[in-house]
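A.B. asks: Coordinates in my_file05.tsv, TSV, C-alpha atoms, are listed below.
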```
chain	number	residue	atom	x	y	z
A	736	MET	CA	-2.00	-25.64	-9.93
A	737	VAL	CA	-3.10	-23.88	-13.12
A	738	PHE	CA	-4.26	-20.27	-13.35
A	739	SER	CA	-5.94	-18.57	-16.27
A	740	SER	CA	-3.75	-15.92	-17.90
A	741	ASN	CA	-6.64	-13.53	-17.41
A	742	LEU	CA	-6.72	-12.88	-13.68
A	743	GLN	CA	-9.47	-10.33	-14.19
A	744	MET	CA	-11.89	-13.06	-13.21
A	745	VAL	CA	-10.17	-13.37	-9.83
A	746	SER	CA	-11.64	-10.59	-7.69
A	747	ILE	CA	-9.59	-10.82	-4.52
A	748	PHE	CA	-10.97	-7.50	-3.35
A	749	THR	CA	-14.52	-8.86	-3.41
A	750	PHE	CA	-14.17	-12.02	-1.36
A	751	ASN	CA	-16.95	-12.04	1.19
A	752	THR	CA	-14.46	-13.41	3.69
A	753	LEU	CA	-12.19	-10.44	3.16
A	754	PHE	CA	-10.30	-10.70	6.40
A	755	ASN	CA	-9.38	-14.34	5.90
A	756	ARG	CA	-7.87	-13.80	2.45
A	757	SER	CA	-4.26	-13.13	3.39
A	758	LYS	CA	-3.34	-16.81	3.16
A	759	ILE	CA	-5.14	-17.08	-0.17
A	760	PHE	CA	-3.29	-14.10	-1.58
A	761	SER	CA	0.04	-15.40	-0.29
A	762	LEU	CA	-0.65	-18.66	-2.10
A	763	LEU	CA	-1.36	-16.80	-5.32
A	764	LEU	CA	1.81	-14.80	-4.97
A	765	SER	CA	3.85	-17.95	-4.52
A	766	VAL	CA	3.09	-18.90	-8.11
A	767	THR	CA	5.45	-17.45	-10.71
A	768	ILE	CA	3.35	-15.50	-13.22
A	769	CYS	CA	4.72	-13.58	-16.15
A	770	LEU	CA	3.62	-10.00	-15.57
A	771	ALA	CA	3.03	-9.58	-19.27
A	772	TYR	CA	-0.13	-11.65	-18.93
A	773	ILE	CA	-1.42	-10.36	-15.64
A	774	SER	CA	-4.82	-8.69	-15.85
A	775	PHE	CA	-5.97	-6.86	-12.75
A	776	PHE	CA	-9.32	-7.72	-11.23
A	777	PRO	CA	-12.05	-5.09	-11.51
A	778	VAL	CA	-12.06	-2.48	-8.77
A	779	SER	CA	-14.93	-0.04	-8.68
A	780	TYR	CA	-14.15	3.61	-8.13
A	781	GLN	CA	-17.71	4.82	-8.44
A	782	ASP	CA	-19.23	7.40	-6.12
A	783	SER	CA	-20.51	5.64	-3.02
A	784	GLY	CA	-22.71	8.53	-1.97
A	785	SER	CA	-20.09	10.30	0.13
A	786	THR	CA	-20.59	14.05	0.28
A	787	SER	CA	-16.82	14.60	0.30
A	788	ILE	CA	-15.69	12.53	-2.68
A	789	THR	CA	-17.51	12.42	-6.03
A	790	PRO	CA	-15.13	11.11	-8.69
A	791	TYR	CA	-15.98	11.30	-12.38
A	792	TYR	CA	-14.09	9.69	-15.24
A	793	THR	CA	-14.39	10.14	-19.00
A	794	VAL	CA	-12.32	9.17	-22.04
A	795	GLN	CA	-12.29	11.52	-25.02
A	796	ASN	CA	-9.77	12.06	-27.82
A	797	ASN	CA	-7.44	9.47	-26.28
A	798	VAL	CA	-7.31	11.42	-23.03
A	799	LEU	CA	-8.43	10.04	-19.69
A	800	ARG	CA	-10.05	12.86	-17.71
A	801	PHE	CA	-10.46	12.74	-13.95
A	802	ASP	CA	-12.90	15.30	-12.53
A	803	ALA	CA	-13.32	15.11	-8.76
A	804	ASP	CA	-14.49	17.12	-5.80
A	805	VAL	CA	-11.92	15.94	-3.26
A	806	GLY	CA	-13.42	17.76	-0.31
A	807	HIS	CA	-12.39	20.67	1.88
A	808	GLY	CA	-13.16	23.11	-0.96
A	809	LYS	CA	-10.72	21.41	-3.33
A	810	HIS	CA	-11.77	20.57	-6.89
A	811	LEU	CA	-9.43	18.55	-9.07
A	812	ILE	CA	-9.28	18.04	-12.82
A	813	ILE	CA	-6.54	15.78	-14.17
A	814	GLU	CA	-6.10	14.88	-17.84
A	815	LEU	CA	-3.76	12.04	-18.77
A	816	PRO	CA	-2.97	11.07	-22.37
A	817	ILE	CA	-3.72	7.38	-22.65
A	818	GLU	CA	-0.47	6.80	-24.55
A	819	LYS	CA	1.47	7.86	-21.44
A	820	LEU	CA	-0.35	5.47	-19.11
A	821	LEU	CA	1.55	2.40	-17.93
A	822	PHE	CA	-1.68	0.37	-17.84
A	823	LYS	CA	-4.81	0.11	-19.97
A	824	PRO	CA	-7.90	1.88	-18.61
A	825	ILE	CA	-11.31	0.26	-18.82
A	826	VAL	CA	-14.23	2.63	-18.20
A	827	ASN	CA	-17.64	1.23	-17.32
A	828	VAL	CA	-20.81	3.31	-17.43
A	829	ASN	CA	-23.86	2.20	-15.46
A	830	LYS	CA	-27.09	3.60	-16.90
A	831	VAL	CA	-30.64	3.10	-15.68
A	832	ALA	CA	-33.43	4.18	-18.03
A	833	GLY	CA	-30.91	6.19	-20.02
A	834	VAL	CA	-29.64	8.04	-16.96
A	835	THR	CA	-26.00	7.61	-15.94
A	836	LYS	CA	-25.93	6.40	-12.35
A	837	SER	CA	-22.21	5.81	-12.01
A	838	ILE	CA	-18.99	5.66	-13.95
A	839	SER	CA	-16.28	3.29	-12.78
A	840	ILE	CA	-12.81	2.55	-14.05
A	841	ASN	CA	-10.18	-0.10	-13.58
A	842	PHE	CA	-6.78	-0.74	-15.13
A	843	VAL	CA	-5.28	-3.87	-16.64
A	844	ALA	CA	-1.77	-4.75	-17.73
A	845	ASN	CA	-0.59	-3.65	-21.14
A	846	PRO	CA	1.31	-6.52	-22.82
A	847	ASP	CA	3.47	-3.97	-24.64
A	848	ASN	CA	4.93	-2.98	-21.26
A	849	SER	CA	5.86	-6.48	-20.10
A	850	ASN	CA	9.59	-5.69	-19.94
A	851	LEU	CA	8.90	-2.52	-17.99
A	852	TYR	CA	6.71	-4.42	-15.51
A	853	GLN	CA	9.58	-6.79	-14.83
A	854	GLN	CA	11.76	-3.78	-13.97
A	855	ILE	CA	9.28	-1.96	-11.74
A	856	GLY	CA	7.28	-4.92	-10.42
A	857	ASN	CA	7.75	-6.35	-6.97
A	858	ASP	CA	9.56	-9.68	-6.62
A	859	ASP	CA	9.88	-9.65	-2.84
A	860	LEU	CA	7.33	-11.31	-0.56
A	861	LYS	CA	8.93	-9.43	2.33
A	862	THR	CA	7.34	-6.19	1.10
A	863	VAL	CA	3.67	-5.46	1.77
A	864	PHE	CA	1.25	-2.57	1.41
A	865	VAL	CA	-1.61	-1.85	3.80
A	866	TYR	CA	-5.02	-1.36	2.20
A	867	PRO	CA	-6.95	1.32	4.19
A	868	ILE	CA	-10.22	-0.51	4.84
A	869	PHE	CA	-10.97	1.69	7.89
A	870	THR	CA	-10.57	4.81	5.74
A	871	GLN	CA	-12.87	3.31	3.13
A	872	ALA	CA	-15.45	2.87	5.89
A	873	ALA	CA	-15.00	6.44	7.15
A	874	TYR	CA	-15.64	7.92	3.70
A	875	GLY	CA	-18.64	5.70	2.98
A	876	GLU	CA	-22.32	6.59	2.94
A	877	ASN	CA	-23.51	8.00	6.28
A	878	GLY	CA	-19.90	7.95	7.45
A	879	PHE	CA	-17.65	10.41	9.21
A	880	TYR	CA	-17.82	12.99	6.45
A	881	TYR	CA	-21.57	13.27	6.78
A	882	TYR	CA	-20.90	14.25	10.38
A	883	TYR	CA	-18.12	16.67	9.39
A	884	ASN	CA	-20.44	18.30	6.83
A	885	LYS	CA	-23.24	18.51	9.42
A	886	THR	CA	-25.68	16.40	7.44
A	887	CYS	CA	-26.07	13.98	10.34
A	888	GLY	CA	-25.23	13.76	14.02
A	889	SER	CA	-22.84	11.71	16.11
A	890	GLU	CA	-24.53	8.51	14.95
A	891	CYS	CA	-22.44	8.86	11.79
A	892	LEU	CA	-19.23	8.55	13.82
A	893	THR	CA	-19.81	4.79	14.08
A	894	VAL	CA	-19.79	2.98	10.74
A	895	PRO	CA	-19.69	-0.64	9.60
A	896	ILE	CA	-16.42	-2.17	8.44
A	897	PRO	CA	-16.94	-3.18	4.79
A	898	ASN	CA	-16.86	-6.88	4.04
A	899	LYS	CA	-15.83	-6.05	0.49
A	900	ILE	CA	-13.18	-3.66	-0.72
A	901	HIS	CA	-14.88	-0.95	-2.75
A	902	ALA	CA	-11.94	1.30	-3.46
A	903	SER	CA	-12.29	5.04	-3.98
A	904	TYR	CA	-10.00	8.05	-4.37
A	905	SER	CA	-9.86	8.39	-0.59
A	906	SER	CA	-8.86	4.78	-0.05
A	907	SER	CA	-6.04	4.74	-2.61
A	908	ALA	CA	-8.03	3.07	-5.37
A	909	LYS	CA	-5.66	3.58	-8.25
A	910	GLY	CA	-2.57	3.16	-6.11
A	911	SER	CA	-3.83	-0.21	-4.88
A	912	ASN	CA	-4.77	-1.16	-8.43
A	913	VAL	CA	-1.24	-0.37	-9.65
A	914	LEU	CA	0.60	-2.13	-6.82
A	915	LEU	CA	-1.42	-5.30	-7.23
A	916	LEU	CA	-0.77	-5.26	-10.95
A	917	LEU	CA	2.92	-5.13	-10.08
A	918	ASN	CA	2.68	-8.17	-7.81
A	919	TYR	CA	2.77	-6.45	-4.40
A	920	HIS	CA	1.27	-8.38	-1.52
A	921	PHE	CA	-1.28	-6.59	0.67
A	922	ILE	CA	-2.85	-6.77	4.11
A	923	THR	CA	-5.49	-4.50	5.66
A	924	ASP	CA	-5.94	-2.36	8.75
A	925	VAL	CA	-7.92	-5.22	10.27
A	926	ASP	CA	-5.05	-7.68	9.84
A	927	ILE	CA	-2.71	-5.39	11.76
A	928	ASP	CA	-5.20	-4.44	14.47
A	929	LYS	CA	-6.02	-8.08	15.16
A	930	ASN	CA	-2.40	-9.19	15.00
A	931	PRO	CA	0.19	-6.38	15.22
A	932	GLU	CA	2.95	-9.01	15.08
A	933	ILE	CA	2.07	-9.61	11.41
A	934	LEU	CA	4.29	-6.67	10.41
A	935	LYS	CA	7.34	-8.55	11.67
A	936	ASN	CA	6.92	-10.82	8.65
A	937	TYR	CA	7.89	-7.96	6.33
A	938	ASP	CA	11.12	-6.06	5.75
A	939	LYS	CA	9.28	-3.11	4.20
A	940	VAL	CA	5.77	-1.84	4.85
A	941	ILE	CA	4.10	0.57	2.42
A	942	MET	CA	1.31	2.71	3.82
A	943	MET	CA	-1.40	4.01	1.53
A	944	HIS	CA	-3.95	6.69	2.53
A	945	ASN	CA	-4.48	4.98	5.90
A	946	GLU	CA	-6.02	8.09	7.42
A	947	TYR	CA	-8.01	6.28	10.13
A	948	VAL	CA	-6.27	3.64	12.26
A	949	THR	CA	-6.52	2.12	15.73
A	950	GLN	CA	-4.01	2.65	18.52
A	951	LYS	CA	-2.71	-0.91	18.11
A	952	GLU	CA	-2.23	-0.41	14.39
A	953	TYR	CA	-0.52	2.95	14.92
A	954	ASP	CA	1.88	1.48	17.49
A	955	ALA	CA	2.79	-1.44	15.23
A	956	ILE	CA	3.45	0.79	12.23
A	957	VAL	CA	5.56	3.47	13.93
A	958	GLN	CA	7.68	0.76	15.61
A	959	HIS	CA	8.46	-1.05	12.35
A	960	PRO	CA	12.07	-0.52	11.19
A	961	ASN	CA	11.22	0.34	7.56
A	962	VAL	CA	7.97	2.09	6.67
A	963	VAL	CA	7.30	3.93	3.41
A	964	PHE	CA	4.42	6.42	3.52
A	965	LEU	CA	3.41	6.46	-0.14
A	966	TYR	CA	0.47	8.77	0.63
A	967	PRO	CA	0.38	11.78	2.96
A	968	ASN	CA	-2.26	12.15	5.70
A	969	ALA	CA	-1.77	8.60	7.01
A	970	LEU	CA	-2.05	7.87	10.76
A	971	TYR	CA	-4.19	10.99	11.13
A	972	ALA	CA	-7.18	10.00	13.27
A	973	LYS	CA	-7.78	7.39	15.95
A	974	VAL	CA	-10.66	4.92	15.77
A	975	SER	CA	-11.81	2.05	17.96
A	976	VAL	CA	-13.09	-1.27	16.66
A	977	ASP	CA	-15.98	-3.46	17.78
A	978	TYR	CA	-15.57	-6.76	15.98
A	979	ASP	CA	-18.76	-8.17	17.50
A	980	LYS	CA	-20.72	-5.42	15.76
A	981	ASN	CA	-18.19	-5.12	12.92
A	982	THR	CA	-17.90	-1.33	13.32
A	983	ILE	CA	-15.34	1.41	13.82
A	984	THR	CA	-15.92	4.58	15.84
A	985	LEU	CA	-14.03	7.86	15.61
A	986	LEU	CA	-12.28	8.64	18.89
A	987	ARG	CA	-9.91	11.49	18.22
A	988	GLY	CA	-8.52	13.59	15.38
A	989	HIS	CA	-9.64	15.44	12.26
A	990	GLY	CA	-11.37	18.14	14.29
A	991	TYR	CA	-13.03	15.74	16.74
A	992	PRO	CA	-13.91	16.11	19.56
A	993	ASP	CA	-12.26	19.55	19.41
A	994	MET	CA	-12.39	21.53	16.17
A	995	GLY	CA	-8.78	22.58	16.70
A	996	LEU	CA	-7.52	19.01	17.00
A	997	ARG	CA	-5.68	17.75	13.95
A	998	ASN	CA	-3.66	14.55	14.34
A	999	GLY	CA	-5.40	12.21	16.74
A	1000	PHE	CA	-2.11	10.63	17.81
A	1001	ASP	CA	-0.18	13.92	18.11
A	1002	TRP	CA	2.30	12.33	15.70
A	1003	LYS	CA	5.22	14.68	15.16
A	1004	TYR	CA	5.88	13.38	11.64
A	1005	ASP	CA	2.37	14.00	10.32
A	1006	ASN	CA	2.79	15.11	6.68
A	1007	SER	CA	-0.81	16.02	5.88
A	1008	ARG	CA	0.36	19.32	4.43
A	1009	PHE	CA	1.13	17.40	1.23
A	1010	GLU	CA	-2.39	15.96	0.92
A	1011	TYR	CA	-3.44	18.40	-1.80
A	1012	ASN	CA	-0.28	18.22	-3.89
A	1013	PHE	CA	-1.98	16.14	-6.58
A	1014	ASP	CA	0.35	16.90	-9.45
A	1015	CYS	CA	3.36	15.09	-7.98
A	1016	SER	CA	5.58	16.29	-10.83
A	1017	ASN	CA	8.35	17.15	-8.35
A	1018	TRP	CA	7.90	14.10	-6.16
A	1019	ASN	CA	10.57	13.15	-3.66
A	1020	PHE	CA	10.94	10.69	-0.82
A	1021	TYR	CA	12.36	12.25	2.32
A	1022	THR	CA	13.46	10.49	5.48
A	1023	ARG	CA	12.69	10.72	9.18
A	1024	GLU	CA	13.93	8.05	11.60
A	1025	ASN	CA	12.86	4.69	10.15
A	1026	TYR	CA	10.24	6.27	7.86
A	1027	LYS	CA	10.30	7.44	4.25
A	1028	PHE	CA	7.64	9.93	3.15
A	1029	LEU	CA	6.49	10.92	-0.33
A	1030	ASN	CA	5.91	14.66	-0.57
A	1031	CYS	CA	2.68	14.49	-2.62
A	1032	TYR	CA	-0.57	12.55	-3.12
A	1033	PRO	CA	0.38	10.11	-5.92
A	1034	GLU	CA	-3.02	8.64	-6.83
A	1035	TYR	CA	-2.78	9.78	-10.47
A	1036	ARG	CA	0.99	9.89	-10.78
A	1037	LEU	CA	1.29	6.17	-10.17
A	1038	LEU	CA	-0.58	5.50	-13.40
A	1039	GLN	CA	2.11	7.08	-15.56
A	1040	ASP	CA	5.40	7.45	-13.70
A	1041	ALA	CA	7.64	4.41	-14.08
A	1042	GLU	CA	10.49	6.10	-12.23
A	1043	LEU	CA	8.31	6.64	-9.16
A	1044	LEU	CA	7.41	2.95	-9.15
A	1045	ARG	CA	11.03	1.96	-9.77
A	1046	THR	CA	12.09	4.10	-6.81
A	1047	LEU	CA	9.36	2.65	-4.59
A	1048	LYS	CA	10.73	-0.81	-5.31
A	1049	LYS	CA	14.11	0.05	-3.77
A	1050	ALA	CA	14.88	-1.12	-0.25
A	1051	ASP	CA	15.31	2.57	0.56
A	1052	PRO	CA	13.36	4.83	-1.84
A	1053	SER	CA	14.91	8.00	-0.47
A	1054	ASN	CA	18.09	9.26	-2.15
A	1055	LEU	CA	19.57	10.66	1.04
A	1056	LEU	CA	22.89	8.80	1.05
A	1057	GLU	CA	23.43	9.30	-2.68
A	1058	ASP	CA	22.54	12.99	-2.58
A	1059	MET	CA	24.58	13.52	0.57
A	1060	SER	CA	27.62	12.00	-1.12
A	1061	ASN	CA	27.04	14.22	-4.11
A	1062	TRP	CA	26.86	17.29	-1.85
A	1063	LEU	CA	30.11	16.29	-0.16
A	1064	THR	CA	31.72	16.23	-3.62
A	1065	TYR	CA	30.15	19.52	-4.76
A	1066	PRO	CA	29.27	21.39	-1.55
A	1067	THR	CA	28.94	24.81	-3.18
A	1068	GLN	CA	26.75	23.80	-6.12
A	1069	TYR	CA	23.11	24.79	-5.87
A	1070	ASN	CA	21.70	21.54	-7.31
A	1071	SER	CA	23.63	19.26	-4.97
A	1072	THR	CA	22.67	21.39	-1.95
A	1073	TYR	CA	19.00	21.60	-2.96
A	1074	GLU	CA	18.64	17.85	-3.55
A	1075	PHE	CA	20.37	16.98	-0.27
A	1076	LEU	CA	18.06	19.30	1.69
A	1077	GLN	CA	14.95	18.07	-0.12
A	1078	ASP	CA	15.72	14.56	1.08
A	1079	LEU	CA	15.27	15.94	4.59
A	1080	ASP	CA	12.19	18.03	3.71
A	1081	VAL	CA	14.08	21.30	4.15
A	1082	ASN	CA	14.23	24.22	1.72
A	1083	GLY	CA	17.47	26.12	1.33
A	1084	LYS	CA	20.41	27.05	-0.87
A	1085	HIS	CA	23.35	27.04	1.52
A	1086	ILE	CA	24.69	24.55	4.10
A	1087	PRO	CA	27.63	25.39	6.40
A	1088	LEU	CA	30.69	23.42	5.31
A	1089	TRP	CA	31.21	22.02	8.82
A	1090	VAL	CA	28.09	19.88	8.20
A	1091	GLU	CA	30.45	17.73	6.11
A	1092	ASN	CA	31.52	16.02	9.34
A	1093	PRO	CA	28.04	14.82	10.48
A	1094	ALA	CA	27.28	13.93	6.84
A	1095	LEU	CA	30.34	11.67	6.76
A	1096	TRP	CA	29.43	10.23	10.16
A	1097	THR	CA	25.97	9.37	8.77
A	1098	ILE	CA	27.43	7.64	5.72
A	1099	ASN	CA	29.81	5.67	7.97
A	1100	GLY	CA	26.99	4.71	10.34
A	1101	GLN	CA	28.42	6.63	13.30
A	1102	ILE	CA	25.23	8.63	13.71
A	1103	SER	CA	21.71	7.92	12.47
A	1104	ARG	CA	19.90	9.62	9.63
A	1105	ASN	CA	17.53	11.07	12.17
A	1106	ASP	CA	20.46	12.60	14.07
A	1107	LEU	CA	21.54	14.26	10.84
A	1108	ALA	CA	17.97	15.39	10.12
A	1109	ASN	CA	17.75	16.97	13.57
A	1110	ILE	CA	20.98	18.91	12.91
A	1111	ILE	CA	19.74	20.19	9.55
A	1112	ILE	CA	16.30	21.11	10.89
A	1113	TYR	CA	17.85	22.95	13.86
A	1114	LEU	CA	20.10	24.94	11.51
A	1115	HIS	CA	17.12	25.76	9.31
A	1116	ASP	CA	15.01	26.88	12.27
A	1117	LYS	CA	17.86	29.16	13.36
A	1118	ASN	CA	18.07	30.60	9.81
A	1119	ILE	CA	21.61	29.27	9.42
A	1120	ILE	CA	20.40	27.24	6.46
A	1121	SER	CA	18.41	29.53	4.20
```
Please express what this file holds, its structure, as structure tokens.

C.D. replies:
Amino acid sequence: MVFSSNLQMVSIFTFNTLFNRSKIFSLLLSVTICLAYISFFPVSYQDSGSTSITPYYTVQNNVLRFDADVGHGKHLIIELPIEKLLFKPIVNVNKVAGVTKSISINFVANPDNSNLYQQIGNDDLKTVFVYPIFTQAAYGENGFYYYYNKTCGSECLTVPIPNKIHASYSSSAKGSNVLLLLNYHFITDVDIDKNPEILKNYDKVIMMHNEYVTQKEYDAIVQHPNVVFLYPNALYAKVSVDYDKNTITLLRGHGYPDMGLRNGFDWKYDNSRFEYNFDCSNWNFYTRENYKFLNCYPEYRLLQDAELLRTLKKADPSNLLEDMSNWLTYPTQYNSTYEFLQDLDVNGKHIPLWVENPALWTINGQISRNDLANIIIYLHDKNIIS
């Protein structure tokens, strides 16, 4: 089988038979391709008419400028020097009668970074990321956010499932772009909802901004032994699916049906508080049970931070065991204490020395990481760690 070195012509995200493409993508991934020649297929990030997300992209003086209203009263401007980007940006402007209707952007591999791609790229078919097709639907035109913003009634709480992936900021557009460039395999919410057993095929599951999921998908994800939540605000609201009508309907969460209701699954590990940490300059993966969480929204950081991508590639992207060992060696040093606590999403400068025992038990496998986390969190809540 022969493939063109320019895979930009292969638009996996735009197959009309989107939900039958997993086998096709697996076949593609089975072919050894030098990452130096991979060119990512076009993914449109243009405004789809949503009242909550209106991205805007410009390139001027070798700086890529992102200007976006990201909803909930948050306005974001990010400027990235092109020389610091790991991938080449391609900006497309759609004009009608001289009037700009949309601006879209996609990224392709930079041949100068071929060695780097080999270091940070994925070479394991047992790792998969989950593209948030239900979240894409929720943020689409006449979708849930039209209801939230009171521009339409409850009819906007049922929306069609897209038959094409039209990625946006809210559905991890740039993150998906980057991971596919780095040879990560993907499935969608639909794949998991239809067949929750599919996750058993993978040793590591990476969640994107999968804000809206079904109960079956939620159950399958939280029961998997190794899940990395690359984006905060995942597993936030519950939807139902009607595959005969090809629609999803909001059931619970995100202020519905009660304005005071937040997480629709009452998930105790919800990390939506990090949703508006866009900078990600002090990113860190922390651990809870069989989950690893990133403490920021990495949509823009993934375009320029090789170390973040190198860390994501690890079987365990959190540094808990390493930082815990370092703290055991230097228990009174501020840096070692701070880094150890950050791995457990706890702020503090001092840990009682007797915690050395449960730390050693964790390293030796006598207690779980979650047992250790519960000890640390209890001490923090009681102001013993401060």

A.B. asks: Mind pulling up the distance from CA of Met942 (chain A) to CA of Ile868 (chain A)?

C.D. replies: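 It comes out at 12.0 Å.
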
A.B. asks: Using all atoms listed in the file, which protein or nucleic acid residues come within 8 Å of region 1067-1071 of chain A? Drop anything in the same chain fewer than 6 positions from it, and give the result as a PyMOL selection string.

C.D. replies: chain A and resi 1058+1061+1084-1085

A.B. asks: Could those selected residues go to a file with C-alpha atoms, as a short mmCIF file (atom, residue, chain, number, x, y, z; two decimals), in the coordinates of the input?

C.D. replies:
```cif
data_model
loop_
_atom_site.label_atom_id
_atom_site.label_comp_id
_atom_site.auth_asym_id
_atom_site.auth_seq_id
_atom_site.Cartn_x
_atom_site.Cartn_y
_atom_site.Cartn_z
CA ASP A 1058 22.54 12.99 -2.58
CA ASN A 1061 27.04 14.22 -4.11
CA LYS A 1084 20.41 27.05 -0.87
CA HIS A 1085 23.35 27.04 1.52
#
```

A.B. asks: Would you compute the distance between CA of Asp1040 (chain A) and CA of Lys819 (chain A)? Give it in Å to one decimal.

C.D. replies: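 About the pair CA of Asp1040 (chain A) and CA of Lys819 (chain A): they are 8.7 Å apart.
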
A.B. asks: Nearest to Asn857 (chain A): which of A:Tyr953, A:Phe801, A:Tyr919, A:Phe822 is it, counting all atoms listed in the file?

C.D. replies: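 Among the listed residues, A:Tyr919 lies closest to Asn857 (chain A).
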
A.B. asks: Name the closest residue to Leu965 (chain A) among the candidates A:Val865, A:Val948, A:Ala1050, A:Leu986; distances are taken between atoms, counting all atoms listed in the file.

C.D. replies: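 Checking each of A:Val865, A:Val948, A:Ala1050, A:Leu986 against Leu965 (chain A), counting all atoms listed in the file, the winner is A:Val865.
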
A.B. asks: Quote the spacing between CA of Thr793 (chain A) and CA of Val826 (chain A) in Å to one decimal place.

C.D. replies: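 Computed distance, CA of Thr793 (chain A) to CA of Val826 (chain A), equals 7.6 Å.
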
A.B. asks: What's around Glu932 (chain A) at 8 Å? Count only C-alpha atoms, leave out sequence neighbours fewer than 4 positions away in its own chain, and write the answer as a PDB file with C-alpha atoms, in the frame of the given file.

C.D. replies:
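result.pdb was written with the following content:
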```
ATOM      1  CA  ILE A 927      -2.710  -5.390  11.760  1.00  0.00           C
ATOM      2  CA  ASN A 936       6.920 -10.820   8.650  1.00  0.00           C
ATOM      3  CA  ALA A 955       2.790  -1.440  15.230  1.00  0.00           C
TER       4      ALA A 955
END
```

A.B. asks: Restricting the calculation to only C-alpha atoms: of A:Asn898, A:Asn1006, A:Asn918, A:Thr1022, which residue gets closest to Asp858 (chain A)?

C.D. replies: A:Asn918

A.B. asks: Measuring between all atoms listed in the file, which one of A:Asn1019, A:Pro816, A:Leu1114, A:Leu1063 shows the shortest distance to Asn1092 (chain A)?

C.D. replies: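 Residue with the minimum atom-to-atom distance to Asn1092 (chain A): A:Leu1063.
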
A.B. asks: Starting from the point (-15.5, 0.8, -15.6), work out which residues of protein, DNA or RNA have an atom no more than 6 Å away when counting all atoms listed in the file; state them as a list of chain:residue names.

C.D. replies: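 Looking at atoms near the point gives A:Ile825, A:Val826, A:Asn827, A:Ser839, A:Ile840, A:Asn841.
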
A.B. asks: Near Ala873 (chain A), within 12 Å and counting all atoms listed in the file, which residues show up once chain neighbours fewer than 4 positions away are dropped, as a PyMOL selection string?

C.D. replies: chain A and resi 783+785-788+867-869+877-883+891-897+903+905-906+944-948+972-974+982-985+989

A.B. asks: Which is closest to Ile1086 (chain A) among A:Ala908, A:Leu1029, A:Ile1111, A:Leu934, if we use only C-alpha atoms?

C.D. replies: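 The answer is A:Ile1111, which sits nearest to Ile1086 (chain A).
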
A.B. asks: Within 8 Å of Gly988 (chain A), counting all atoms listed in the file, which residues qualify if same-chain residues fewer than 4 places away don't, as a list of chain:residue names?

C.D. replies: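 Listed by chain and then number, they are A:Tyr971, A:Ala972, A:Lys973, A:Pro992, A:Leu996, A:Arg997, A:Asn998, A:Gly999, A:Phe1000.
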
A.B. asks: Would you compute the box with edges along x, y and z of the file around region 978-990 of chain A, including every atom the file lists for it and 5 Å extra on each side, and give its centre and edge lengths in Å to one decimal, as lines of an AutoDock Vina configuration file?

C.D. replies:
```
center_x = -14.6
center_y = 5.0
center_z = 15.6
size_x = 22.2
size_y = 36.3
size_z = 16.6
```

A.B. asks: Since the input has fewer atoms than a full residue there, write region 853-864 of chain A out with N, CA and C atoms, as an mmCIF file, in the frame of the given file.

C.D. replies:
```
data_model
loop_
_atom_site.group_PDB
_atom_site.id
_atom_site.type_symbol
_atom_site.label_atom_id
_atom_site.label_comp_id
_atom_site.auth_asym_id
_atom_site.auth_seq_id
_atom_site.Cartn_x
_atom_site.Cartn_y
_atom_site.Cartn_z
ATOM 1 N N GLN A 853 8.565 -5.982 -15.487
ATOM 2 C CA GLN A 853 9.580 -6.790 -14.830
ATOM 3 C C GLN A 853 10.598 -5.915 -14.106
ATOM 4 N N GLN A 854 10.813 -4.700 -14.608
ATOM 5 C CA GLN A 854 11.760 -3.780 -13.970
ATOM 6 C C GLN A 854 11.162 -3.099 -12.738
ATOM 7 N N ILE A 855 9.893 -2.733 -12.817
ATOM 8 C CA ILE A 855 9.280 -1.960 -11.740
ATOM 9 C C ILE A 855 8.375 -2.787 -10.846
ATOM 10 N N GLY A 856 8.144 -4.054 -11.223
ATOM 11 C CA GLY A 856 7.280 -4.920 -10.420
ATOM 12 C C GLY A 856 7.991 -5.429 -9.180
ATOM 13 N N ASN A 857 7.205 -5.852 -8.229
ATOM 14 C CA ASN A 857 7.750 -6.350 -6.970
ATOM 15 C C ASN A 857 8.025 -7.844 -7.055
ATOM 16 N N ASP A 858 9.211 -8.256 -6.633
ATOM 17 C CA ASP A 858 9.560 -9.680 -6.620
ATOM 18 C C ASP A 858 9.945 -10.130 -5.220
ATOM 19 N N ASP A 859 9.469 -9.401 -4.223
ATOM 20 C CA ASP A 859 9.880 -9.650 -2.840
ATOM 21 C C ASP A 859 8.656 -9.834 -1.955
ATOM 22 N N LEU A 860 8.464 -11.047 -1.450
ATOM 23 C CA LEU A 860 7.330 -11.310 -0.560
ATOM 24 C C LEU A 860 7.527 -10.686 0.817
ATOM 25 N N LYS A 861 8.671 -10.086 1.057
ATOM 26 C CA LYS A 861 8.930 -9.430 2.330
ATOM 27 C C LYS A 861 8.513 -7.956 2.308
ATOM 28 N N THR A 862 7.890 -7.539 1.199
ATOM 29 C CA THR A 862 7.340 -6.190 1.100
ATOM 30 C C THR A 862 5.826 -6.297 1.028
ATOM 31 N N VAL A 863 5.130 -5.410 1.733
ATOM 32 C CA VAL A 863 3.670 -5.460 1.770
ATOM 33 C C VAL A 863 3.122 -4.044 1.795
ATOM 34 N N PHE A 864 1.925 -3.846 1.214
ATOM 35 C CA PHE A 864 1.250 -2.570 1.410
ATOM 36 C C PHE A 864 -0.024 -2.801 2.213
#
```
